[in-house]
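Asks: Got structure.cif for you, mmCIF, C-alpha atoms and all ligand atoms:
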data_model
loop_
_atom_site.label_atom_id
_atom_site.label_comp_id
_atom_site.auth_asym_id
_atom_site.auth_seq_id
_atom_site.Cartn_x
_atom_site.Cartn_y
_atom_site.Cartn_z
CA MET A 1 0.00 0.00 0.00
CA ILE A 2 1.19 3.51 -0.83
CA GLN A 3 0.22 6.02 1.84
CA LYS A 4 0.00 9.67 0.86
CA ILE A 5 0.94 12.23 3.56
CA ILE A 6 -0.07 15.85 3.20
CA PRO A 7 1.70 18.44 5.39
CA VAL A 8 -0.27 19.81 8.36
CA LYS A 9 0.10 22.80 10.67
CA GLY A 10 0.04 20.65 13.74
CA LEU A 11 -1.39 17.74 15.72
CA SER A 12 -3.75 18.71 18.50
CA GLY A 13 -5.95 16.95 21.03
CA THR A 14 -5.89 13.92 23.31
CA ILE A 15 -4.84 10.48 22.20
CA LYS A 16 -4.69 7.03 23.76
CA ILE A 17 -2.13 4.98 21.89
CA PRO A 18 -2.23 1.15 21.65
CA GLY A 19 -0.75 -1.19 24.23
CA ASP A 20 2.95 -1.84 24.73
CA LYS A 21 4.23 -4.48 22.31
CA SER A 22 6.90 -5.94 24.59
CA ILE A 23 4.50 -6.25 27.55
CA SER A 24 1.71 -7.68 25.38
CA HIS A 25 3.96 -10.50 24.08
CA ARG A 26 5.10 -11.34 27.59
CA SER A 27 1.55 -11.40 28.98
CA ILE A 28 0.66 -14.24 26.58
CA MET A 29 3.85 -16.19 27.23
CA LEU A 30 3.75 -15.99 31.03
CA GLY A 31 -0.04 -16.38 31.10
CA ALA A 32 0.34 -19.64 29.13
CA ILE A 33 2.84 -21.21 31.56
CA ALA A 34 1.23 -19.92 34.76
CA GLU A 35 -1.43 -21.85 36.62
CA GLY A 36 -4.95 -20.45 36.32
CA VAL A 37 -6.44 -17.70 34.23
CA THR A 38 -4.59 -14.52 33.22
CA GLU A 39 -6.76 -11.56 32.24
CA VAL A 40 -5.11 -8.93 30.06
CA GLU A 41 -6.52 -5.51 29.28
CA GLY A 42 -5.00 -2.98 26.89
CA PHE A 43 -3.47 -5.80 24.82
CA LEU A 44 -1.90 -4.65 21.54
CA MET A 45 -3.88 -6.28 18.72
CA GLY A 46 -1.04 -5.60 16.26
CA ALA A 47 0.28 -8.23 13.86
CA ASP A 48 3.37 -9.11 15.97
CA CYS A 49 1.43 -9.79 19.17
CA LEU A 50 -1.24 -11.70 17.24
CA SER A 51 1.58 -13.94 15.96
CA THR A 52 2.42 -14.73 19.60
CA VAL A 53 -1.26 -15.47 20.30
CA SER A 54 -1.52 -17.89 17.38
CA CYS A 55 1.75 -19.66 18.28
CA PHE A 56 0.49 -20.30 21.83
CA GLN A 57 -2.89 -21.47 20.53
CA GLN A 58 -0.94 -24.01 18.45
CA LEU A 59 0.78 -25.08 21.69
CA GLY A 60 -2.63 -25.97 23.11
CA ILE A 61 -3.39 -22.78 25.07
CA ASN A 62 -6.93 -21.42 25.11
CA ILE A 63 -6.81 -17.67 24.48
CA GLN A 64 -10.08 -15.76 24.07
CA GLU A 65 -10.75 -12.16 23.15
CA THR A 66 -13.24 -10.98 25.79
CA ALA A 67 -13.67 -7.32 24.83
CA ASN A 68 -11.95 -4.63 22.85
CA GLN A 69 -8.19 -5.16 23.54
CA SER A 70 -8.93 -7.64 26.33
CA LEU A 71 -7.95 -11.30 26.45
CA THR A 72 -8.07 -14.22 28.80
CA ILE A 73 -5.40 -16.90 28.75
CA GLU A 74 -6.04 -20.27 30.37
CA GLY A 75 -2.62 -21.07 31.79
CA ARG A 76 -1.59 -24.73 31.92
CA GLY A 77 1.48 -24.53 34.15
CA LEU A 78 5.20 -24.73 33.35
CA MET A 79 4.95 -28.14 31.68
CA GLY A 80 1.45 -27.73 30.27
CA LEU A 81 2.24 -26.75 26.67
CA SER A 82 1.69 -29.45 24.06
CA GLU A 83 3.56 -30.33 20.87
CA PRO A 84 2.35 -28.20 17.94
CA LYS A 85 1.06 -30.11 14.92
CA ASP A 86 2.63 -27.72 12.45
CA VAL A 87 5.40 -25.15 12.07
CA LEU A 88 4.97 -22.08 14.30
CA ASN A 89 5.00 -18.85 12.29
CA VAL A 90 6.17 -15.72 14.14
CA GLY A 91 5.62 -13.42 11.12
CA ASN A 92 7.83 -10.33 11.53
CA SER A 93 8.26 -10.66 15.28
CA GLY A 94 11.79 -11.01 16.67
CA THR A 95 10.47 -10.98 20.23
CA THR A 96 8.18 -13.96 19.53
CA MET A 97 10.98 -15.91 17.84
CA ARG A 98 13.71 -15.29 20.41
CA LEU A 99 11.63 -15.58 23.60
CA MET A 100 9.92 -18.73 22.33
CA LEU A 101 13.28 -20.34 21.58
CA GLY A 102 14.03 -19.98 25.30
CA LEU A 103 10.65 -21.26 26.39
CA LEU A 104 10.61 -24.21 23.99
CA SER A 105 14.14 -25.35 24.90
CA GLY A 106 12.96 -26.83 28.20
CA GLN A 107 9.80 -28.59 26.96
CA SER A 108 9.42 -32.31 26.35
CA PHE A 109 8.52 -32.01 22.66
CA TYR A 110 9.64 -30.90 19.22
CA ALA A 111 8.71 -27.59 17.57
CA THR A 112 9.84 -25.58 14.54
CA LEU A 113 9.74 -21.78 14.32
CA THR A 114 9.83 -19.70 11.17
CA GLY A 115 8.75 -16.24 10.03
CA ASP A 116 8.81 -13.74 7.20
CA GLU A 117 11.72 -12.79 4.95
CA SER A 118 13.05 -10.23 7.46
CA ILE A 119 12.97 -12.59 10.44
CA ARG A 120 14.73 -15.32 8.46
CA GLN A 121 17.72 -12.98 8.04
CA ARG A 122 17.95 -11.80 11.63
CA PRO A 123 20.74 -13.13 13.88
CA MET A 124 19.60 -15.97 16.14
CA LYS A 125 23.01 -17.21 17.34
CA ARG A 126 22.82 -14.61 20.12
CA VAL A 127 20.08 -16.79 21.67
CA THR A 128 20.78 -20.27 20.29
CA GLN A 129 24.35 -20.21 21.64
CA PRO A 130 23.59 -19.45 25.31
CA LEU A 131 20.59 -21.78 25.14
CA SER A 132 22.88 -24.54 23.83
CA ASN A 133 25.15 -23.88 26.83
CA MET A 134 22.11 -24.72 28.98
CA GLY A 135 21.73 -28.03 27.12
CA ALA A 136 19.15 -26.96 24.51
CA LYS A 137 19.06 -28.81 21.18
CA ILE A 138 18.32 -26.29 18.43
CA PHE A 139 18.84 -26.95 14.71
CA GLY A 140 18.50 -24.60 11.77
CA ARG A 141 20.03 -22.97 8.74
CA LYS A 142 23.67 -21.86 8.87
CA SER A 143 24.58 -24.19 11.75
CA GLY A 144 21.51 -23.33 13.77
CA THR A 145 21.88 -19.56 13.60
CA LEU A 146 19.08 -18.60 11.17
CA ALA A 147 15.38 -19.47 11.09
CA PRO A 148 13.64 -21.75 10.38
CA LEU A 149 14.83 -23.23 13.69
CA SER A 150 13.78 -26.51 15.27
CA VAL A 151 13.89 -27.12 18.99
CA VAL A 152 13.96 -30.57 20.56
CA GLY A 153 13.06 -29.97 24.21
CA GLN A 154 15.64 -31.10 26.79
CA THR A 155 16.35 -31.07 30.50
CA LEU A 156 18.21 -27.80 30.96
CA LYS A 157 20.95 -26.81 33.37
CA PRO A 158 21.36 -23.32 34.85
CA ILE A 159 24.17 -21.08 33.54
CA THR A 160 25.74 -17.71 34.21
CA TYR A 161 25.89 -15.83 30.92
CA HIS A 162 27.84 -12.66 30.15
CA SER A 163 25.88 -11.30 27.22
CA PRO A 164 27.93 -9.43 24.62
CA VAL A 165 24.87 -7.33 23.63
CA ALA A 166 22.40 -5.27 25.66
CA SER A 167 19.37 -7.14 24.36
CA ALA A 168 16.15 -7.80 26.23
CA GLN A 169 15.32 -10.56 23.78
CA VAL A 170 18.56 -12.40 24.61
CA LYS A 171 18.18 -11.80 28.35
CA SER A 172 14.52 -12.87 28.31
CA ALA A 173 15.15 -16.03 26.26
CA ILE A 174 17.71 -17.16 28.85
CA LEU A 175 15.50 -16.24 31.82
CA LEU A 176 12.56 -18.14 30.30
CA ALA A 177 14.78 -21.18 29.71
CA GLY A 178 16.01 -20.68 33.29
CA LEU A 179 12.46 -21.35 34.51
CA TYR A 180 12.99 -24.95 33.39
CA ALA A 181 16.50 -25.44 34.83
CA ASN A 182 17.10 -26.80 38.32
CA GLY A 183 18.93 -23.98 40.13
CA GLU A 184 19.77 -20.35 39.51
CA THR A 185 20.32 -18.93 36.02
CA THR A 186 22.11 -15.57 35.74
CA VAL A 187 22.47 -13.07 32.89
CA ILE A 188 24.96 -10.18 33.03
CA GLU A 189 24.45 -7.44 30.45
CA PRO A 190 26.89 -4.81 29.14
CA ALA A 191 24.19 -2.11 29.58
CA LEU A 192 20.70 -2.40 30.97
CA SER A 193 18.07 -3.45 28.41
CA ARG A 194 14.31 -3.24 28.95
CA ASP A 195 13.29 -5.13 32.08
CA HIS A 196 9.64 -6.06 31.38
CA SER A 197 10.40 -9.80 31.67
CA GLU A 198 11.96 -9.40 35.10
CA ARG A 199 9.04 -7.28 36.32
CA MET A 200 6.37 -9.60 34.98
CA LEU A 201 8.13 -12.79 36.10
CA SER A 202 8.27 -11.40 39.67
CA TYR A 203 4.63 -10.34 39.41
CA PHE A 204 3.66 -13.91 38.45
CA GLY A 205 5.56 -15.29 41.45
CA ALA A 206 9.02 -16.23 40.10
CA ARG A 207 12.08 -15.59 42.32
CA VAL A 208 14.03 -12.93 40.41
CA LYS A 209 17.08 -11.19 41.94
CA ARG A 210 18.44 -8.02 40.39
CA ASP A 211 21.61 -6.07 41.04
CA GLY A 212 22.49 -3.46 38.43
CA LEU A 213 23.37 -5.30 35.23
CA ILE A 214 23.01 -8.75 36.85
CA VAL A 215 19.73 -10.63 36.93
CA SER A 216 19.14 -14.14 38.30
CA ILE A 217 16.13 -16.41 38.29
CA GLN A 218 15.44 -19.47 40.38
CA GLY A 219 14.26 -22.39 38.23
CA GLN A 220 11.04 -24.41 38.50
CA PRO A 221 8.88 -21.79 40.25
CA HIS A 222 5.14 -21.91 40.76
CA LEU A 223 3.73 -19.19 38.49
CA VAL A 224 0.19 -18.00 39.14
CA GLY A 225 -2.17 -16.37 36.59
CA LYS A 226 -2.75 -12.64 37.15
CA LYS A 227 -4.59 -9.58 35.93
CA ILE A 228 -2.45 -7.41 33.68
CA SER A 229 -3.15 -3.90 32.53
CA VAL A 230 -0.88 -3.14 29.57
CA PRO A 231 0.18 0.53 29.38
CA GLY A 232 0.35 2.41 26.08
CA ASP A 233 3.55 1.80 24.13
CA ILE A 234 6.14 4.57 24.59
CA SER A 235 7.60 3.52 21.22
CA SER A 236 4.27 4.43 19.57
CA ALA A 237 3.84 7.54 21.75
CA ALA A 238 7.25 8.71 20.48
CA PHE A 239 5.80 9.47 17.03
CA PHE A 240 3.37 11.92 18.65
CA MET A 241 6.01 13.38 20.97
CA VAL A 242 8.10 14.26 17.93
CA ALA A 243 5.16 15.42 15.78
CA GLY A 244 3.90 17.56 18.66
CA SER A 245 7.35 19.14 18.98
CA ILE A 246 8.26 19.81 15.33
CA LEU A 247 4.89 20.88 13.87
CA PRO A 248 4.26 24.62 14.40
CA ASP A 249 0.74 24.46 15.77
CA SER A 250 0.61 21.47 18.13
CA GLU A 251 -0.53 20.61 21.60
CA LEU A 252 -1.12 16.98 22.55
CA VAL A 253 -1.91 14.88 25.58
CA ILE A 254 -0.87 11.25 25.12
CA GLU A 255 -2.68 9.24 27.79
CA ASN A 256 -1.59 6.19 29.75
CA VAL A 257 1.94 5.69 28.40
CA GLY A 258 4.45 3.28 29.96
CA ILE A 259 7.47 5.26 31.18
CA ASN A 260 9.61 2.39 32.45
CA PRO A 261 13.13 3.85 33.01
CA THR A 262 14.65 1.16 30.74
CA ARG A 263 12.47 2.50 27.90
CA ASN A 264 12.10 6.24 28.45
CA GLY A 265 15.32 7.53 26.84
CA VAL A 266 13.29 9.20 24.11
CA ILE A 267 11.73 11.58 26.64
CA THR A 268 15.13 12.52 28.08
CA VAL A 269 16.65 13.06 24.64
CA LEU A 270 13.76 15.14 23.28
CA GLN A 271 13.77 17.28 26.44
CA GLU A 272 17.52 17.78 26.00
CA MET A 273 16.84 18.86 22.40
CA GLY A 274 14.51 21.50 23.81
CA ALA A 275 11.14 19.76 23.50
CA LYS A 276 8.34 20.94 25.77
CA ILE A 277 7.38 17.53 27.12
CA SER A 278 6.04 17.03 30.62
CA LEU A 279 4.67 14.06 32.54
CA GLN A 280 1.36 14.23 34.35
CA ASN A 281 -0.56 11.86 36.58
CA GLU A 282 2.40 9.52 37.21
CA ARG A 283 1.33 6.18 38.67
CA GLU A 284 2.14 2.45 38.72
CA GLU A 285 0.03 -0.27 37.10
CA THR A 286 0.72 -3.98 37.44
CA GLY A 287 4.39 -3.39 38.18
CA GLU A 288 5.05 -0.82 35.42
CA PRO A 289 5.29 2.99 35.78
CA VAL A 290 2.73 4.92 33.68
CA ALA A 291 1.99 8.62 32.98
CA ASP A 292 0.13 10.97 30.66
CA ILE A 293 2.50 12.89 28.41
CA HIS A 294 1.90 16.51 27.50
CA VAL A 295 3.72 17.95 24.48
CA LYS A 296 3.63 21.22 22.61
CA THR A 297 5.44 22.89 19.74
CA SER A 298 9.04 23.89 20.41
CA GLN A 299 12.25 24.72 18.57
CA LEU A 300 14.55 21.71 18.80
CA LYS A 301 18.35 21.79 18.67
CA GLY A 302 20.83 19.07 17.68
CA ILE A 303 22.60 17.01 20.38
CA LYS A 304 24.90 13.97 20.82
CA ILE A 305 23.27 10.66 21.70
CA GLY A 306 25.21 7.52 22.64
CA GLY A 307 26.52 5.20 25.36
CA ASP A 308 24.41 3.30 27.89
CA MET A 309 21.37 5.39 27.03
CA ILE A 310 21.05 3.71 23.60
CA PRO A 311 19.20 0.57 24.80
CA THR A 312 16.60 2.81 26.48
CA LEU A 313 15.64 4.38 23.13
CA ILE A 314 16.82 1.88 20.53
CA ASP A 315 13.41 1.50 18.82
CA GLU A 316 12.87 5.29 18.80
CA ILE A 317 16.03 6.18 16.85
CA PRO A 318 14.21 6.39 13.49
CA ILE A 319 11.76 8.97 14.87
CA ILE A 320 14.53 10.76 16.82
CA ALA A 321 16.31 11.04 13.45
CA VAL A 322 13.22 12.84 12.12
CA ALA A 323 13.30 15.23 15.11
CA ALA A 324 17.00 15.81 14.36
CA ALA A 325 16.24 16.56 10.69
CA LEU A 326 14.02 19.48 11.78
CA ALA A 327 16.26 20.64 14.65
CA GLU A 328 18.73 23.49 14.58
CA GLY A 329 22.28 22.19 14.11
CA LYS A 330 23.87 18.76 14.03
CA THR A 331 22.74 15.59 15.83
CA GLU A 332 25.15 12.67 16.28
CA ILE A 333 23.82 9.23 17.13
CA ARG A 334 26.49 6.65 18.02
CA ASP A 335 26.87 3.25 19.74
CA ALA A 336 23.74 2.05 17.95
CA ALA A 337 25.11 -0.69 15.65
CA GLU A 338 22.20 -2.88 16.85
CA LEU A 339 20.01 -0.83 14.48
CA LYS A 340 21.52 -2.78 11.59
CA VAL A 341 19.88 -6.03 12.76
CA LYS A 342 16.36 -4.77 13.46
CA GLU A 343 13.39 -5.37 11.12
CA THR A 344 15.55 -3.62 8.51
CA ASN A 345 19.01 -2.05 8.66
CA ARG A 346 17.57 1.10 10.21
CA ILE A 347 20.78 3.14 9.83
CA GLU A 348 20.85 2.58 6.09
CA VAL A 349 17.10 2.85 5.54
CA MET A 350 16.70 6.10 7.51
CA ALA A 351 19.75 7.64 5.81
CA LYS A 352 18.39 6.72 2.38
CA ASN A 353 14.87 8.03 3.03
CA LEU A 354 15.85 11.25 4.80
CA THR A 355 18.30 12.00 1.98
CA ARG A 356 15.38 11.70 -0.48
CA MET A 357 13.57 14.29 1.63
CA GLY A 358 16.47 16.70 1.19
CA VAL A 359 18.13 16.14 4.58
CA ARG A 360 21.93 15.99 4.83
CA VAL A 361 22.74 12.69 6.57
CA GLU A 362 25.98 10.77 7.12
CA GLU A 363 25.83 7.06 7.77
CA LEU A 364 28.19 5.75 10.46
CA PRO A 365 28.96 2.09 11.24
CA ASP A 366 27.15 2.56 14.56
CA GLY A 367 24.80 5.47 13.95
CA LEU A 368 23.99 8.60 11.99
CA ILE A 369 24.97 12.25 11.75
CA ILE A 370 22.02 14.43 10.80
CA TYR A 371 22.26 18.08 9.84
CA GLY A 372 19.01 19.76 10.82
CA SER A 373 17.20 22.28 8.65
CA PRO A 374 13.84 24.06 8.92
CA ARG A 375 12.95 22.88 5.41
CA ILE A 376 12.56 19.27 4.38
CA LYS A 377 10.75 18.32 1.22
CA GLY A 378 8.06 15.73 0.53
CA ALA A 379 9.29 12.77 -1.54
CA GLU A 380 8.55 9.19 -2.52
CA VAL A 381 10.05 7.03 0.22
CA ASN A 382 9.99 3.36 1.25
CA SER A 383 9.56 1.65 4.61
CA PHE A 384 11.01 -1.62 3.22
CA GLY A 385 8.37 -3.36 5.33
CA ASP A 386 9.62 -1.88 8.64
CA HIS A 387 6.76 -0.52 10.76
CA ARG A 388 8.79 2.03 12.70
CA ILE A 389 10.32 3.37 9.47
CA ALA A 390 6.87 3.77 7.87
CA MET A 391 5.55 5.75 10.85
CA SER A 392 8.70 7.87 11.22
CA LEU A 393 8.50 8.86 7.54
CA ALA A 394 4.83 9.75 7.98
CA ILE A 395 5.73 12.24 10.72
CA ALA A 396 8.54 13.63 8.54
CA GLY A 397 5.98 14.00 5.73
CA LEU A 398 3.63 16.01 7.98
CA ALA A 399 6.45 18.53 8.54
CA ALA A 400 7.70 18.62 4.92
CA SER A 401 6.75 20.88 2.05
CA GLY A 402 4.67 19.10 -0.60
CA GLU A 403 3.28 15.61 -0.41
CA THR A 404 5.07 12.43 0.65
CA LEU A 405 4.31 8.95 -0.69
CA ILE A 406 5.28 6.06 1.59
CA ASN A 407 5.66 2.69 -0.12
CA GLU A 408 4.85 -0.46 1.90
CA ALA A 409 3.11 1.65 4.55
CA GLU A 410 0.70 -1.14 5.57
CA CYS A 411 3.42 -2.59 7.85
CA ALA A 412 2.43 0.03 10.47
CA THR A 413 -0.17 -2.58 11.54
CA ILE A 414 2.68 -4.60 13.07
CA SER A 415 2.71 -2.35 16.13
CA TYR A 416 0.04 0.32 15.50
CA PRO A 417 -2.98 -0.82 13.47
CA ARG A 418 -4.81 2.56 13.39
CA PHE A 419 -1.79 4.84 13.10
CA PHE A 420 -2.81 6.69 9.93
CA GLU A 421 -6.42 7.16 11.17
CA ASP A 422 -5.12 8.58 14.48
CA ILE A 423 -2.88 11.04 12.62
CA LYS A 424 -5.84 12.19 10.56
CA LYS A 425 -8.03 12.69 13.64
CA LEU A 426 -5.48 14.93 15.36
CA SER A 427 -4.42 16.92 12.30
CA VAL A 428 -4.69 20.70 12.25
CA GLN A 429 -5.02 21.44 8.54
CA GLY A 430 -2.90 23.84 6.51
CA GLY A 431 0.75 22.77 6.32
CA LYS A 432 3.68 24.13 4.31
C1 LIG B 501 12.28 -6.12 22.51
C2 LIG B 501 13.62 -5.89 22.65
C3 LIG B 501 14.41 -5.07 21.72
C4 LIG B 501 13.52 -4.19 20.86
C5 LIG B 501 12.36 -4.94 20.30
C6 LIG B 501 11.51 -5.52 21.42
C7 LIG B 501 11.59 -6.96 23.50
O1 LIG B 501 15.16 -5.90 20.87
O2 LIG B 501 14.28 -3.60 19.82
O3 LIG B 501 11.56 -4.09 19.51
O4 LIG B 501 10.35 -6.96 23.55
O5 LIG B 501 12.29 -7.66 24.25
P1 LIG B 501 16.61 -6.49 21.27
O6 LIG B 501 16.46 -7.41 22.41
O7 LIG B 501 17.10 -7.18 20.04
O8 LIG B 501 17.44 -5.27 21.62
#
Output the structure of this file as structure tokens.
Ligand code: S3P
Replies:
Amino acid sequence: MIQKIIPVKGLSGTIKIPGDKSISHRSIMLGAIAEGVTEVEGFLMGADCLSTVSCFQQLGINIQETANQSLTIEGRGLMGLSEPKDVLNVGNSGTTMRLMLGLLSGQSFYATLTGDESIRQRPMKRVTQPLSNMGAKIFGRKSGTLAPLSVVGQTLKPITYHSPVASAQVKSAILLAGLYANGETTVIEPALSRDHSERMLSYFGARVKRDGLIVSIQGQPHLVGKKISVPGDISSAAFFMVAGSILPDSELVIENVGINPTRNGVITVLQEMGAKISLQNEREETGEPVADIHVKTSQLKGIKIGGDMIPTLIDEIPIIAVAAALAEGKTEIRDAAELKVKETNRIEVMAKNLTRMGVRVEELPDGLIIYGSPRIKGAEVNSFGDHRIAMSLAIAGLAASGETLINEAECATISYPRFFEDIKKLSVQGGK
């Protein structure tokens, strides 16, 4: 689908964005292996999370939609999953693939996981190797490092793993496998990645110990089904934080957004760039901090972004790059080589697309240098099937002169099914 974007003067009003993708995935996975019913509200009905739902249905779990964005999961306990009769398809979802590899490693059956063209190119050794150290038997293309991947469930042993990457998917895969090992499994990260697994595992009754970059889990716990209220996804809210900052006539309230400190780097960075973003009504819901975010038009300036902050905003770099394109001066993003192994190579794809929109961009091996300018021009651009690229380019298009055509824009449904409708609803007409 080609999506046309017409420039607007601003985005104004109140918006409730869809549920957090990371938390939604985990609610299905932990709900499935807990005992008793888990009730989830605010679940993200995006394509990625629906892939997780269908994989767990194939593993014998009863999951019912009870209302708009609400689900119940009939948990069957740690050893209650059953062998799937067919290949499990994770679609575009790296979280589904990597976390399920951990979970399936300790079962007593065989399962095969595959996904779309993007997922079949993404690196899986980062999880299959530590899982093999625990005794997992995983087979696949390129010596078991690329999907499709088959898992033959085994008795696992606990390990201590020094992860070379700050990746919540790696950490979570090992912790989930650790649930099946007899003893304590430990992961040590180079920088702190998102901690939703640790929070939700504790909430379900697992014994999780945390000390800075070290997290340990005690195997074979008794997990109990819970009620979960999924906050709005800060990664989706980020598109509105940036639009509300760069468009001249904007004032937005984004309600009920998760502001977990391992995810909220985008707020810090935008504030440092000069954005008028404030948090209201801060509270905690089912173990996760939540707030309403207020944003209004401001003049942004370029800054340097890098170091341990990168994992806290890794998924927001494409939209931060759009903010940088409209800021005054130069923005340098470094230490973000992980962007090359996301749904697309996001360094290359953002550089290519922003260049088409008349922005001066330099590609670095681990980031981007963006030279801001008050004028960017509408152009024909391509998401290459990457949801966050499609939505970032849409926001750039709102601030450009002339119209923008986004190829392969339908992929926004992966994390934000009604994104283009929501933009339309909030639009203040009359752009450049
Ligand atoms: C996620 C972790 C991150 C993130 C992804 C979701 C998760 O990936 O980019 O969108 O839910 O655990 P990595 O673990 O590869 O950094």
Asks: If we count all atoms listed in the file and set the cut-off at 6 Å, which residues sit around segment 168-173 of chain A, ignoring sequence neighbours fewer than 2 positions away in its own chain? Please answer as a list in words.
Replies: Leu99, Gly102, Val127, Leu175, Leu176, Ser193 and Arg194 of chain A
Asks: Distance table requested - chain A against ligand LIG 501 (chain B), cut-off 10 Å, only C-alpha atoms and all ligand atoms: one row per qualifying residue with the closest atom pair and its distance in Å to one decimal, ordered by chain and rising residue number, as a Markdown table.
Replies:
| residue | atom | partner | partner_atom | distance |
| --- | --- | --- | --- | --- |
| A:Asp20 | CA | B:LIG501 | O4 | 9.1 |
| A:Lys21 | CA | B:LIG501 | O4 | 6.7 |
| A:Ser22 | CA | B:LIG501 | O4 | 3.7 |
| A:Ile23 | CA | B:LIG501 | O4 | 7.1 |
| A:Ser24 | CA | B:LIG501 | O4 | 8.9 |
| A:His25 | CA | B:LIG501 | O4 | 7.3 |
| A:Arg26 | CA | B:LIG501 | O4 | 7.9 |
| A:Ser93 | CA | B:LIG501 | O3 | 8.5 |
| A:Gly94 | CA | B:LIG501 | C5 | 7.1 |
| A:Thr95 | CA | B:LIG501 | O4 | 5.2 |
| A:Thr96 | CA | B:LIG501 | O4 | 8.4 |
| A:Arg98 | CA | B:LIG501 | O6 | 8.6 |
| A:Leu99 | CA | B:LIG501 | O5 | 8.0 |
| A:Arg122 | CA | B:LIG501 | O7 | 9.6 |
| A:Pro123 | CA | B:LIG501 | O7 | 9.3 |
| A:Met124 | CA | B:LIG501 | O7 | 9.9 |
| A:Arg126 | CA | B:LIG501 | O7 | 9.4 |
| A:Val165 | CA | B:LIG501 | O8 | 8.0 |
| A:Ala166 | CA | B:LIG501 | O8 | 6.4 |
| A:Ser167 | CA | B:LIG501 | O6 | 3.5 |
| A:Ala168 | CA | B:LIG501 | O6 | 3.9 |
| A:Gln169 | CA | B:LIG501 | O6 | 3.6 |
| A:Val170 | CA | B:LIG501 | O6 | 5.8 |
| A:Lys171 | CA | B:LIG501 | O6 | 7.6 |
| A:Ser172 | CA | B:LIG501 | O5 | 7.0 |
| A:Ala173 | CA | B:LIG501 | O5 | 9.1 |
| A:Ser193 | CA | B:LIG501 | O8 | 7.1 |
| A:Arg194 | CA | B:LIG501 | O5 | 6.8 |
| A:Asp195 | CA | B:LIG501 | O5 | 8.3 |
| A:His196 | CA | B:LIG501 | O5 | 7.8 |
| A:Ser197 | CA | B:LIG501 | O5 | 8.0 |
| A:Ser235 | CA | B:LIG501 | O3 | 8.7 |
| A:Arg263 | CA | B:LIG501 | C4 | 9.8 |
| A:Ile310 | CA | B:LIG501 | O8 | 9.9 |
| A:Pro311 | CA | B:LIG501 | O8 | 6.9 |
| A:Thr312 | CA | B:LIG501 | C3 | 9.5 |
| A:Leu313 | CA | B:LIG501 | O2 | 8.7 |
| A:Ile314 | CA | B:LIG501 | O2 | 6.1 |
| A:Asp315 | CA | B:LIG501 | O2 | 5.3 |
| A:Glu316 | CA | B:LIG501 | O2 | 9.1 |
| A:Glu338 | CA | B:LIG501 | O8 | 7.2 |
| A:Leu339 | CA | B:LIG501 | O2 | 8.3 |
| A:Val341 | CA | B:LIG501 | O7 | 7.9 |
| A:Lys342 | CA | B:LIG501 | O2 | 6.8 |
| A:Glu343 | CA | B:LIG501 | O3 | 8.7 |
| A:Arg388 | CA | B:LIG501 | O3 | 9.6 |
| A:Ser415 | CA | B:LIG501 | O3 | 9.6 |
Asks: Considering all atoms listed in the file, can you say which of A:Lys137, A:Arg199, A:Arg76, A:His162 comes closest to Ser150 of chain A?
Replies: A:Lys137
Asks: Of the candidates A:Phe240, A:Tyr416, A:Tyr180, A:Tyr371, which shows the shortest atom-to-atom distance to Ala47 of chain A, using all atoms listed in the file?
Replies: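 Among the listed residues, A:Tyr416 lies closest to Ala47 of chain A.
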Asks: Tell me which of A:Gly13, A:Gly274, A:Pro7, A:Gly212 sits closest to Ser401 of chain A, counting only C-alpha atoms.
Replies: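 Between A:Gly13, A:Gly274, A:Pro7, A:Gly212, the residue approaching Ser401 of chain A most closely is A:Pro7.
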Asks: To one decimal in Å, tell me the separation between atom CA of Val428 of chain A and atom CA of Leu252 of chain A.
Replies: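 The value is 11.5 Å.
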Asks: Name the residues in contact with Ser54 of chain A at a cut-off of 10 Å, using all atoms listed in the file, excluding same-chain residues fewer than 5 positions from it; report them as JSON, numbers by chain.
Replies: {"A": [49, 59, 60, 61, 63, 88, 89, 90]}
Asks: Take the residues from that selection and put them in a file with C-alpha atoms, as a PDB file, in the coordinates of the input.
Replies:
ATOM      1  CA  CYS A  49       1.430  -9.790  19.170  1.00  0.00           C
ATOM      2  CA  LEU A  59       0.780 -25.080  21.690  1.00  0.00           C
ATOM      3  CA  GLY A  60      -2.630 -25.970  23.110  1.00  0.00           C
ATOM      4  CA  ILE A  61      -3.390 -22.780  25.070  1.00  0.00           C
ATOM      5  CA  ILE A  63      -6.810 -17.670  24.480  1.00  0.00           C
ATOM      6  CA  LEU A  88       4.970 -22.080  14.300  1.00  0.00           C
ATOM      7  CA  ASN A  89       5.000 -18.850  12.290  1.00  0.00           C
ATOM      8  CA  VAL A  90       6.170 -15.720  14.140  1.00  0.00           C
TER       9      VAL A  90
END
